[in-house]
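File shown: model.pdb. Contents: PDB, C-alpha atoms.
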```pdb
ATOM      1  CA  MET I   1       0.000   0.000   0.000
ATOM      2  CA  SER I   2       1.294   3.460  -0.895
ATOM      3  CA  LEU I   3       2.206   5.622   2.101
ATOM      4  CA  LEU I   4       2.120   8.843   0.079
ATOM      5  CA  LYS I   5      -1.232  10.003  -1.260
ATOM      6  CA  THR I   6       0.345  12.714  -3.404
ATOM      7  CA  LYS I   7       3.535  12.446  -5.482
ATOM      8  CA  ASN I   8       5.048  14.224  -8.447
ATOM      9  CA  ASP I   9       5.865  12.467 -11.715
ATOM     10  CA  ARG I  10       9.212  11.324 -10.301
ATOM     11  CA  GLY I  11       7.584   9.713  -7.256
ATOM     12  CA  PHE I  12       8.531  12.357  -4.672
ATOM     13  CA  PHE I  13       6.606  14.406  -2.149
ATOM     14  CA  GLU I  14       8.627  17.612  -1.767
ATOM     15  CA  ILE I  15       8.713  20.387   0.832
ATOM     16  CA  ARG I  16      10.639  23.663   0.693
ATOM     17  CA  LEU I  17      11.219  25.803   3.792
ATOM     18  CA  GLU I  18      11.915  29.522   3.297
ATOM     19  CA  SER I  19      13.560  31.263   6.225
ATOM     20  CA  ILE I  20      16.412  33.414   7.468
ATOM     21  CA  GLY I  21      19.466  32.330   9.438
ATOM     22  CA  GLY I  22      18.712  32.000  13.138
ATOM     23  CA  LEU I  23      15.155  30.642  12.995
ATOM     24  CA  GLY I  24      16.159  26.985  12.775
ATOM     25  CA  ALA I  25      14.844  25.993   9.331
ATOM     26  CA  ASN I  26      17.875  23.798   8.647
ATOM     27  CA  LEU I  27      17.356  21.830  11.871
ATOM     28  CA  ALA I  28      13.605  21.682  11.226
ATOM     29  CA  GLY I  29      14.242  20.094   7.820
ATOM     30  CA  LYS I  30      16.516  17.454   9.327
ATOM     31  CA  MET I  31      14.021  16.634  12.091
ATOM     32  CA  LEU I  32      11.134  16.487   9.603
ATOM     33  CA  ALA I  33      12.991  14.051   7.359
ATOM     34  CA  GLU I  34      14.055  11.923  10.326
ATOM     35  CA  ALA I  35      10.472  11.689  11.586
ATOM     36  CA  GLY I  36       9.289  10.541   8.151
ATOM     37  CA  VAL I  37      11.991   7.894   7.878
ATOM     38  CA  MET I  38      11.986   6.587  11.451
ATOM     39  CA  GLY I  39       8.302   7.138  12.148
ATOM     40  CA  VAL I  40       6.433   5.805   9.126
ATOM     41  CA  GLY I  41       9.139   4.030   7.114
ATOM     42  CA  LEU I  42       9.442   6.400   4.159
ATOM     43  CA  ASN I  43      12.707   7.121   2.434
ATOM     44  CA  GLY I  44      13.617  10.743   2.957
ATOM     45  CA  CYS I  45      16.393  13.295   2.795
ATOM     46  CA  SER I  46      16.969  16.907   3.778
ATOM     47  CA  PHE I  47      19.545  19.479   2.742
ATOM     48  CA  SER I  48      19.818  23.236   2.819
ATOM     49  CA  SER I  49      20.933  26.144   0.681
ATOM     50  CA  TYR I  50      22.419  29.273   2.177
ATOM     51  CA  GLY I  51      25.245  31.712   1.672
ATOM     52  CA  SER I  52      27.315  33.107   4.492
ATOM     53  CA  GLU I  53      25.205  31.371   7.203
ATOM     54  CA  LYS I  54      24.934  34.805   8.761
ATOM     55  CA  LYS I  55      22.050  35.352  11.130
ATOM     56  CA  GLY I  56      19.290  37.139   9.242
ATOM     57  CA  THR I  57      20.287  36.108   5.701
ATOM     58  CA  PRO I  58      17.942  34.012   3.486
ATOM     59  CA  VAL I  59      17.998  30.234   3.939
ATOM     60  CA  LYS I  60      16.212  27.445   2.066
ATOM     61  CA  SER I  61      15.740  23.951   3.446
ATOM     62  CA  PHE I  62      14.595  21.096   1.188
ATOM     63  CA  ILE I  63      12.894  17.837   2.194
ATOM     64  CA  ARG I  64      12.089  14.913  -0.126
ATOM     65  CA  PHE I  65      10.048  11.820   0.700
ATOM     66  CA  CYS I  66       9.375   8.726  -1.389
ATOM     67  CA  GLU I  67       8.098   5.172  -0.954
ATOM     68  CA  PRO I  68      10.459   2.802   0.945
ATOM     69  CA  GLU I  69      11.155   0.637  -2.120
ATOM     70  CA  MET I  70      12.452   3.674  -4.048
ATOM     71  CA  GLU I  71      15.892   5.274  -3.668
ATOM     72  CA  ILE I  72      16.506   9.014  -3.530
ATOM     73  CA  ARG I  73      19.309   9.969  -5.875
ATOM     74  CA  ASP I  74      18.212  13.538  -6.489
ATOM     75  CA  HIS I  75      19.699  16.235  -4.247
ATOM     76  CA  SER I  76      18.941  19.210  -6.444
ATOM     77  CA  PRO I  77      16.970  22.229  -5.127
ATOM     78  CA  ILE I  78      13.221  21.669  -4.971
ATOM     79  CA  GLU I  79      11.635  23.752  -7.706
ATOM     80  CA  ARG I  80       8.048  22.407  -7.673
ATOM     81  CA  PRO I  81       7.114  21.849  -4.026
ATOM     82  CA  HIS I  82       3.893  20.383  -2.695
ATOM     83  CA  VAL I  83       4.328  22.446   0.495
ATOM     84  CA  VAL I  84       6.179  25.702   1.170
ATOM     85  CA  GLY I  85       6.842  26.737   4.773
ATOM     86  CA  VAL I  86       7.564  30.464   5.244
ATOM     87  CA  PHE I  87       9.277  30.923   8.611
ATOM     88  CA  HIS I  88       9.764  34.695   8.242
ATOM     89  CA  GLU I  89       6.851  36.643   6.801
ATOM     90  CA  ALA I  90       8.891  39.627   5.571
ATOM     91  CA  LEU I  91      10.889  37.397   3.198
ATOM     92  CA  TYR I  92       8.396  38.115   0.416
ATOM     93  CA  LYS I  93      10.039  41.543   0.033
ATOM     94  CA  THR I  94      13.269  40.013  -1.277
ATOM     95  CA  VAL I  95      12.498  36.353  -2.075
ATOM     96  CA  ASN I  96       9.678  34.909  -4.174
ATOM     97  CA  VAL I  97       8.839  32.321  -1.534
ATOM     98  CA  ALA I  98       5.926  30.705  -3.403
ATOM     99  CA  ALA I  99       7.870  30.240  -6.658
ATOM    100  CA  GLY I 100       7.127  26.979  -8.434
ATOM    101  CA  LEU I 101       4.349  25.880  -6.057
ATOM    102  CA  LEU I 102       2.232  23.092  -7.534
ATOM    103  CA  PRO I 103      -1.435  23.972  -8.249
ATOM    104  CA  GLU I 104      -2.643  21.729  -5.414
ATOM    105  CA  GLY I 105       0.144  22.915  -3.111
ATOM    106  CA  ILE I 106      -0.142  24.607   0.288
ATOM    107  CA  VAL I 107       1.797  27.601   1.615
ATOM    108  CA  LEU I 108       2.318  27.677   5.386
ATOM    109  CA  VAL I 109       3.095  31.145   6.775
ATOM    110  CA  ASN I 110       4.209  32.249  10.230
ATOM    111  CA  SER I 111       1.816  35.173  10.680
ATOM    112  CA  THR I 112      -1.191  36.618  12.477
ATOM    113  CA  ARG I 113      -2.496  38.643   9.528
ATOM    114  CA  PRO I 114      -5.648  37.962   7.497
ATOM    115  CA  ALA I 115      -5.239  35.434   4.705
ATOM    116  CA  GLN I 116      -6.186  37.890   1.955
ATOM    117  CA  GLU I 117      -3.380  40.296   2.926
ATOM    118  CA  ILE I 118      -0.823  37.498   3.017
ATOM    119  CA  ALA I 119      -1.985  36.189  -0.370
ATOM    120  CA  ARG I 120      -1.539  39.604  -1.989
ATOM    121  CA  ASP I 121       1.979  39.955  -0.603
ATOM    122  CA  LEU I 122       2.912  36.455  -1.782
ATOM    123  CA  LYS I 123       1.225  37.101  -5.162
ATOM    124  CA  LEU I 124      -1.081  34.106  -4.726
ATOM    125  CA  THR I 125      -4.340  34.539  -6.641
ATOM    126  CA  HIS I 126      -5.778  31.183  -5.597
ATOM    127  CA  GLY I 127      -4.977  28.070  -3.598
ATOM    128  CA  THR I 128      -4.662  27.134   0.058
ATOM    129  CA  LEU I 129      -2.930  29.096   2.793
ATOM    130  CA  ALA I 130      -2.081  27.616   6.177
ATOM    131  CA  ILE I 131      -1.440  30.231   8.869
ATOM    132  CA  VAL I 132       0.074  29.716  12.314
ATOM    133  CA  ASP I 133       1.341  32.195  14.910
ATOM    134  CA  ALA I 134       4.626  30.349  15.339
ATOM    135  CA  LEU I 135       6.401  33.419  16.711
ATOM    136  CA  GLY I 136       3.758  34.027  19.370
ATOM    137  CA  ILE I 137       3.800  30.392  20.462
ATOM    138  CA  SER I 138       7.596  30.285  20.643
ATOM    139  CA  VAL I 139       7.735  33.482  22.719
ATOM    140  CA  GLU I 140       5.203  32.137  25.202
ATOM    141  CA  GLU I 141       6.932  28.756  25.496
ATOM    142  CA  LYS I 142      10.455  30.282  25.381
ATOM    143  CA  THR I 143      11.452  28.070  22.464
ATOM    144  CA  ARG I 144      12.118  28.722  18.759
ATOM    145  CA  VAL I 145       9.899  29.331  15.789
ATOM    146  CA  ASN I 146      10.966  26.120  14.034
ATOM    147  CA  THR I 147       9.247  23.738  16.483
ATOM    148  CA  ALA I 148       5.876  25.467  16.111
ATOM    149  CA  MET I 149       6.287  25.434  12.329
ATOM    150  CA  LEU I 150       7.017  21.694  12.504
ATOM    151  CA  GLY I 151       3.731  21.174  14.331
ATOM    152  CA  ALA I 152       1.850  22.978  11.566
ATOM    153  CA  LEU I 153       3.754  21.068   8.852
ATOM    154  CA  PHE I 154       2.739  17.762  10.427
ATOM    155  CA  ARG I 155      -0.899  18.865  10.315
ATOM    156  CA  ILE I 156      -0.475  19.553   6.583
ATOM    157  CA  CYS I 157       1.463  16.352   5.868
ATOM    158  CA  ASP I 158      -1.115  13.954   7.288
ATOM    159  CA  PHE I 159       0.901  10.908   6.199
ATOM    160  CA  LEU I 160       3.396  11.678   8.981
ATOM    161  CA  ASP I 161       2.966  10.483  12.573
ATOM    162  CA  PRO I 162       3.025  13.334  15.165
ATOM    163  CA  GLU I 163       4.190  10.936  17.859
ATOM    164  CA  ALA I 164       7.285  10.189  15.768
ATOM    165  CA  MET I 165       8.084  13.908  15.784
ATOM    166  CA  ARG I 166       7.713  14.079  19.564
ATOM    167  CA  THR I 167      10.216  11.213  19.784
ATOM    168  CA  VAL I 168      12.642  13.078  17.508
ATOM    169  CA  ILE I 169      12.272  16.232  19.631
ATOM    170  CA  ARG I 170      13.100  14.311  22.800
ATOM    171  CA  LYS I 171      16.049  12.607  21.110
ATOM    172  CA  THR I 172      17.364  15.936  19.769
ATOM    173  CA  PHE I 173      17.240  17.857  23.053
ATOM    174  CA  GLU I 174      17.435  15.398  25.936
ATOM    175  CA  LYS I 175      21.234  15.024  26.068
ATOM    176  CA  LYS I 176      22.428  18.633  25.812
ATOM    177  CA  TYR I 177      19.285  20.582  26.712
ATOM    178  CA  PRO I 178      16.995  18.354  28.812
ATOM    179  CA  HIS I 179      15.162  21.388  30.215
ATOM    180  CA  LEU I 180      13.992  22.246  26.676
ATOM    181  CA  VAL I 181      12.368  18.885  25.907
ATOM    182  CA  GLU I 182       8.892  19.502  27.327
ATOM    183  CA  PRO I 183       8.649  23.173  26.201
ATOM    184  CA  ASN I 184       9.485  22.064  22.639
ATOM    185  CA  VAL I 185       6.952  19.228  22.755
ATOM    186  CA  ARG I 186       4.319  21.738  23.898
ATOM    187  CA  THR I 187       5.377  24.140  21.143
ATOM    188  CA  PHE I 188       5.028  21.374  18.552
ATOM    189  CA  ASP I 189       1.587  20.400  19.858
ATOM    190  CA  ARG I 190       0.378  24.003  19.874
ATOM    191  CA  GLY I 191       1.559  24.514  16.299
ATOM    192  CA  TYR I 192      -0.239  21.318  15.284
ATOM    193  CA  GLU I 193      -3.508  22.324  16.941
ATOM    194  CA  SER I 194      -3.617  26.049  16.131
ATOM    195  CA  VAL I 195      -2.795  26.132  12.399
ATOM    196  CA  ARG I 196      -5.757  27.322  10.349
ATOM    197  CA  PHE I 197      -6.463  26.765   6.663
ATOM    198  CA  GLU I 198      -7.860  29.376   4.265
ATOM    199  CA  ASN I 199      -8.924  28.935   0.646
ATOM    200  CA  ILE I 200      -7.721  31.873  -1.451
ATOM    201  CA  GLU I 201      -9.585  33.196  -4.468
ATOM    202  CA  LEU I 202      -8.655  36.798  -5.220
ATOM    203  CA  GLU I 203     -10.523  38.856  -7.764
ATOM    204  CA  GLY I 204      -9.084  38.995 -11.263
ATOM    205  CA  GLU I 205      -7.350  36.502 -13.499
ATOM    206  CA  ARG I 206      -6.028  33.330 -11.882
ATOM    207  CA  GLN I 207      -2.267  33.076 -12.150
ATOM    208  CA  ASP I 208       0.136  30.358 -11.094
ATOM    209  CA  PRO I 209       3.166  31.357  -9.010
ATOM    210  CA  PRO I 210       6.233  32.176 -11.138
ATOM    211  CA  ALA I 211       8.754  29.463 -11.863
ATOM    212  CA  PHE I 212      11.544  28.779  -9.399
ATOM    213  CA  VAL I 213      14.795  30.394 -10.536
ATOM    214  CA  ARG I 214      18.151  29.107  -9.370
ATOM    215  CA  ALA I 215      20.656  31.766  -8.438
ATOM    216  CA  GLU I 216      23.503  31.901 -10.919
ATOM    217  CA  PRO I 217      26.903  33.457 -10.191
ATOM    218  CA  LEU I 218      27.425  36.753 -11.961
ATOM    219  CA  LEU I 219      31.116  36.114 -12.542
ATOM    220  CA  GLY I 220      33.147  33.013 -13.314
ATOM    221  CA  TYR I 221      36.801  32.181 -13.813
ATOM    222  CA  ARG I 222      36.687  33.578 -17.354
ATOM    223  CA  THR I 223      34.763  36.745 -16.555
ATOM    224  CA  GLN I 224      36.122  37.594 -13.115
ATOM    225  CA  LEU I 225      37.415  41.156 -12.917
ATOM    226  CA  PRO I 226      40.980  41.871 -11.788
ATOM    227  CA  GLY I 227      41.413  41.946  -8.038
ATOM    228  CA  GLY I 228      41.221  45.245  -6.189
ATOM    229  CA  LEU I 229      38.302  46.688  -8.171
ATOM    230  CA  LEU I 230      35.101  47.665  -6.353
ATOM    231  CA  THR I 231      32.324  47.654  -8.922
ATOM    232  CA  ASN I 232      29.499  48.005  -6.404
ATOM    233  CA  MET I 233      30.583  50.117  -3.480
ATOM    234  CA  ALA I 234      28.713  49.716  -0.201
ATOM    235  CA  SER I 235      26.260  52.446   0.711
ATOM    236  CA  SER I 236      24.584  52.930   4.066
ATOM    237  CA  ILE I 237      21.890  54.971   2.380
ATOM    238  CA  THR I 238      20.481  52.038   0.416
ATOM    239  CA  LYS I 239      20.966  49.399   3.117
ATOM    240  CA  ASP I 240      17.680  47.871   4.302
ATOM    241  CA  LEU I 241      17.845  45.425   7.202
ATOM    242  CA  SER I 242      14.090  44.998   7.694
ATOM    243  CA  GLY I 243      14.196  41.526   6.162
ATOM    244  CA  SER I 244      16.634  40.285   8.815
ATOM    245  CA  ARG I 245      14.441  41.111  11.813
ATOM    246  CA  GLN I 246      13.130  38.001  13.516
ATOM    247  CA  GLY I 247       9.814  39.444  14.635
ATOM    248  CA  PHE I 248      10.728  42.127  17.169
ATOM    249  CA  LEU I 249      12.082  45.666  17.113
ATOM    250  CA  PRO I 250      12.711  48.351  19.759
ATOM    251  CA  GLU I 251       9.887  50.783  20.547
ATOM    252  CA  TYR I 252      10.934  54.285  21.640
ATOM    253  CA  HIS I 253       9.121  56.047  24.518
ATOM    254  CA  ALA I 254      10.303  59.654  24.384
ATOM    255  CA  ASP I 255       8.746  60.603  27.748
ATOM    256  CA  LYS I 256      11.057  58.149  29.563
ATOM    257  CA  CYS I 257      14.263  58.997  27.686
ATOM    258  CA  ILE I 258      17.121  60.774  29.511
ATOM    259  CA  HIS I 259      19.263  60.973  26.327
ATOM    260  CA  CYS I 260      22.148  59.087  27.938
ATOM    261  CA  ALA I 261      23.169  57.478  24.604
ATOM    262  CA  GLN I 262      23.571  54.007  26.092
ATOM    263  CA  CYS I 263      21.461  52.724  23.194
ATOM    264  CA  ASP I 264      23.682  54.396  20.634
ATOM    265  CA  THR I 265      26.776  52.906  22.256
ATOM    266  CA  VAL I 266      25.614  49.308  21.810
ATOM    267  CA  CYS I 267      23.803  49.668  18.463
ATOM    268  CA  PRO I 268      25.845  47.875  15.760
ATOM    269  CA  ASP I 269      24.137  49.655  12.860
ATOM    270  CA  HIS I 270      23.828  53.305  13.950
ATOM    271  CA  CYS I 271      20.026  53.295  13.972
ATOM    272  CA  PHE I 272      19.501  56.151  16.415
ATOM    273  CA  VAL I 273      18.870  59.664  15.153
ATOM    274  CA  TRP I 274      20.083  62.630  17.217
ATOM    275  CA  GLU I 275      19.655  66.388  17.022
ATOM    276  CA  LYS I 276      21.433  69.308  18.659
ATOM    277  CA  GLY I 277      19.663  71.284  21.335
ATOM    278  CA  THR I 278      20.093  72.893  24.757
ATOM    279  CA  ASP I 279      19.222  71.517  28.167
ATOM    280  CA  LYS I 280      17.286  73.345  30.907
ATOM    281  CA  ARG I 281      20.392  75.299  31.880
ATOM    282  CA  GLY I 282      21.092  76.410  28.362
ATOM    283  CA  ASN I 283      24.011  74.070  27.818
ATOM    284  CA  PRO I 284      24.385  72.326  24.436
ATOM    285  CA  GLN I 285      23.233  68.735  24.376
ATOM    286  CA  MET I 286      22.323  66.024  21.879
ATOM    287  CA  PHE I 287      18.732  64.776  22.075
ATOM    288  CA  LEU I 288      17.400  61.479  20.724
ATOM    289  CA  ARG I 289      14.744  62.059  18.073
ATOM    290  CA  GLY I 290      13.925  58.437  17.325
ATOM    291  CA  ILE I 291      14.967  55.313  15.432
ATOM    292  CA  ASP I 292      15.694  54.829  11.744
ATOM    293  CA  TYR I 293      14.205  51.366  11.340
ATOM    294  CA  GLN I 294      15.644  50.987   7.843
ATOM    295  CA  TYR I 295      18.939  50.075   9.483
ATOM    296  CA  CYS I 296      17.532  48.119  12.472
ATOM    297  CA  LYS I 297      17.944  44.327  12.411
ATOM    298  CA  GLY I 298      16.061  43.835  15.676
ATOM    299  CA  CYS I 299      18.944  42.620  17.828
ATOM    300  CA  LEU I 300      17.401  44.479  20.828
ATOM    301  CA  LYS I 301      20.787  45.249  22.396
ATOM    302  CA  CYS I 302      19.512  48.781  22.923
ATOM    303  CA  VAL I 303      16.564  47.483  24.966
ATOM    304  CA  GLU I 304      18.960  45.619  27.252
ATOM    305  CA  ALA I 305      21.177  48.687  27.663
ATOM    306  CA  CYS I 306      18.464  51.298  28.308
ATOM    307  CA  PRO I 307      18.401  52.221  32.035
ATOM    308  CA  THR I 308      14.958  53.876  32.039
ATOM    309  CA  ARG I 309      12.822  51.511  29.884
ATOM    310  CA  ALA I 310      12.584  54.227  27.252
ATOM    311  CA  LEU I 311      13.183  51.358  24.821
ATOM    312  CA  THR I 312      11.086  48.197  25.004
ATOM    313  CA  ASP I 313      10.740  45.202  22.711
ATOM    314  CA  LEU I 314       7.729  45.280  20.398
ATOM    315  CA  ARG I 315       6.407  42.531  18.173
ATOM    316  CA  GLU I 316       6.614  44.018  14.696
ATOM    317  CA  GLU I 317       3.377  44.547  12.814
ATOM    318  CA  PRO I 318       3.359  45.246   9.060
ATOM    319  CA  GLY I 319       3.700  48.969   8.382
ATOM    320  CA  TYR I 320       4.828  49.950  11.893
ATOM    321  CA  ALA I 321       8.502  50.453  11.018
ATOM    322  CA  GLU I 322       7.671  52.628   8.015
ATOM    323  CA  ALA I 323       5.218  54.770  10.005
ATOM    324  CA  ALA I 324       7.442  55.183  13.087
ATOM    325  CA  ARG I 325      10.744  55.592  11.248
ATOM    326  CA  VAL I 326      12.747  58.759  11.844
ATOM    327  CA  ALA I 327      14.893  59.021   8.714
ATOM    328  CA  GLN I 328      18.499  60.072   9.007
ATOM    329  CA  HIS I 329      19.896  62.958   7.013
ATOM    330  CA  PHE I 330      23.206  62.519   5.235
ATOM    331  CA  PRO I 331      24.527  66.024   4.464
ATOM    332  CA  TYR I 332      27.539  64.824   2.504
ATOM    333  CA  VAL I 333      25.764  62.669  -0.042
ATOM    334  CA  GLY I 334      26.842  63.657  -3.559
ATOM    335  CA  ARG I 335      29.642  65.924  -2.370
ATOM    336  CA  ALA I 336      33.353  65.466  -2.707
ATOM    337  CA  ILE I 337      34.743  64.873   0.787
TER     338      ILE I 337
END
```
Serialized structure, structure tokens:
Amino acid sequence: MSLLKTKNDRGFFEIRLESIGGLGANLAGKMLAEAGVMGVGLNGCSFSSYGSEKKGTPVKSFIRFCEPEMEIRDHSPIERPHVVGVFHEALYKTVNVAAGLLPEGIVLVNSTRPAQEIARDLKLTHGTLAIVDALGISVEEKTRVNTAMLGALFRICDFLDPEAMRTVIRKTFEKKYPHLVEPNVRTFDRGYESVRFENIELEGERQDPPAFVRAEPLLGYRTQLPGGLLTNMASSITKDLSGSRQGFLPEYHADKCIHCAQCDTVCPDHCFVWEKGTDKRGNPQMFLRGIDYQYCKGCLKCVEACPTRALTDLREEPGYAEAARVAQHFPYVGRAI
């Protein structure tokens, strides 16, 4: 009897996870594949694609399953997935996360927003969305987003055994981090129970997601430029770190600020905007105007350093950073210095 109800023409059921470094998509892919192999007897494999492995940079994790009598000899990137798991909602700004999705496929998104809004951002005109508040669950349980996403993925992939995943979680954590076993099991269970499914049918012409495009190197050994040439110089003005935030950013409360600059001292990306002024005695002083969220990657070091709670952590909602941003002024742009 076939264990997989749905397969592509090569006999595979394929899953692609879209994430950023630090959210645990690579580990989630390995655990998912292990649960399929050890739990229900499928053949499976997982592998990932990433660049510098830097926290906050895009990551893809690929999982393939097939019947036990079939071997997996394909380790190429998954271009036509049955399921796409989006660990970081803001990825749609820079990555076409739904690319290549099969017509009957499902997109799982870590979000609290309405399905119609998510579908428009992901350019999905029709199909099925699965939505789970993985970030909220992980914050409450003091775990990571990946375990809640695994719970939701197991609800989608009904051929997998949830108890097998609980066994994998215990096996993964019990030796080094025994205190994290039960919180992660609870996180998995909450993700499994709380995921909701929405059928999408936006007005207008139905369109399939664009084809998956593999990244190709711009230069090779024949076209590489001579060393020492900077063809694309770095610019702080165009840098946008919003896609690297993992769900939280600092919120500024001006009424509590004493302008001590402790936040500015620990900020690695110079996000804080200052202006000259005078204090009550008429002495010159720099005053904090606010935060330029274009450069903020949500590390929250400033929240830890602030002595007056003028900075607190805030779960980011779409549009907040743009509305609350205090843009910096660069007086020397375009001038010879």
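Computed from the coordinates, the atom CA of I:Trp274 to atom CA of I:Thr308 distance equals 18.0 Å.
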Output as CSV one row per residue of stretch 20-92 of chain I within 12 Å of stretch 127-132 of chain I: the closest atom pair and its distance in Å to one decimal place, counting only C-alpha atoms, sorted by chain and residue number ascending.
```
residue,atom,partner,partner_atom,distance
I:His82,CA,I:Thr128,CA,11.2
I:Val83,CA,I:Ala130,CA,10.0
I:Val84,CA,I:Ala130,CA,9.8
I:Gly85,CA,I:Ala130,CA,9.1
I:Val86,CA,I:Ile131,CA,9.7
I:Phe87,CA,I:Val132,CA,10.0
I:His88,CA,I:Val132,CA,11.6
I:Glu89,CA,I:Ile131,CA,10.7
```
### Message
Which residues are close to I:Pro268, i.e. within 12 Å by all atoms listed in the file, leaving aside same-chain residues fewer than 6 positions away? Reply as a PyMOL selection string.
### Response
chain I and resi 241+295-302
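The gap separating atom CA of I:Arg144 from atom CA of I:Thr187 is 8.5 Å, in Å to one decimal.
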### Task
Using only C-alpha atoms, determine which residues lie at most 12 Å from stretch 249-263 of chain I, disregarding the query and same-chain residues fewer than 3 positions distant; provide the list as a ChimeraX atom specification.
/I:241-246,266-277,279,285-318,320-321,324-326
Neighbours of I:Glu163 within 9 Å (all atoms listed in the file; same-chain residues fewer than 4 positions away dropped), as a compact mmCIF listing (two decimals) with C-alpha atoms, keeping the file's coordinate frame?
```
# COMPACT_ATOMS: atom_id res chain seq x y z
CA ALA I 35 10.47 11.69 11.59
CA GLY I 39 8.30 7.14 12.15
CA THR I 167 10.22 11.21 19.78
CA VAL I 168 12.64 13.08 17.51
```
### Message
Take the PyMOL selection byres ((chain I and resi 19) around 9), run it mentally on this structure, and tell me the resulting residues as a count of residues only.
### Response
21
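Atom CA of I:Asp264 lies 21.3 Å from atom CA of I:Gly247.
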For I:Pro209, please output as a PDB file with C-alpha atoms, in the coordinates of the input all residues within 7 Å (counting all atoms listed in the file; exclusion window: fewer than 3 positions along the same chain).
```pdb
ATOM      1  CA  ALA I  98       5.926  30.705  -3.403  1.00  0.00           C
ATOM      2  CA  ALA I  99       7.870  30.240  -6.658  1.00  0.00           C
ATOM      3  CA  GLY I 100       7.127  26.979  -8.434  1.00  0.00           C
ATOM      4  CA  LEU I 101       4.349  25.880  -6.057  1.00  0.00           C
ATOM      5  CA  LEU I 124      -1.081  34.106  -4.726  1.00  0.00           C
TER       6      LEU I 124
END
```
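Among the candidate residues I:Val109, I:Ala327, I:Met31, I:Ala119, the one lying nearest to I:Thr172 is I:Met31, with distances computed using only C-alpha atoms.
Using all atoms listed in the file for every distance, the candidate list I:Leu219, I:Met165, I:Leu160, I:Ala115 yields I:Met165 as the residue closest to I:Lys30.
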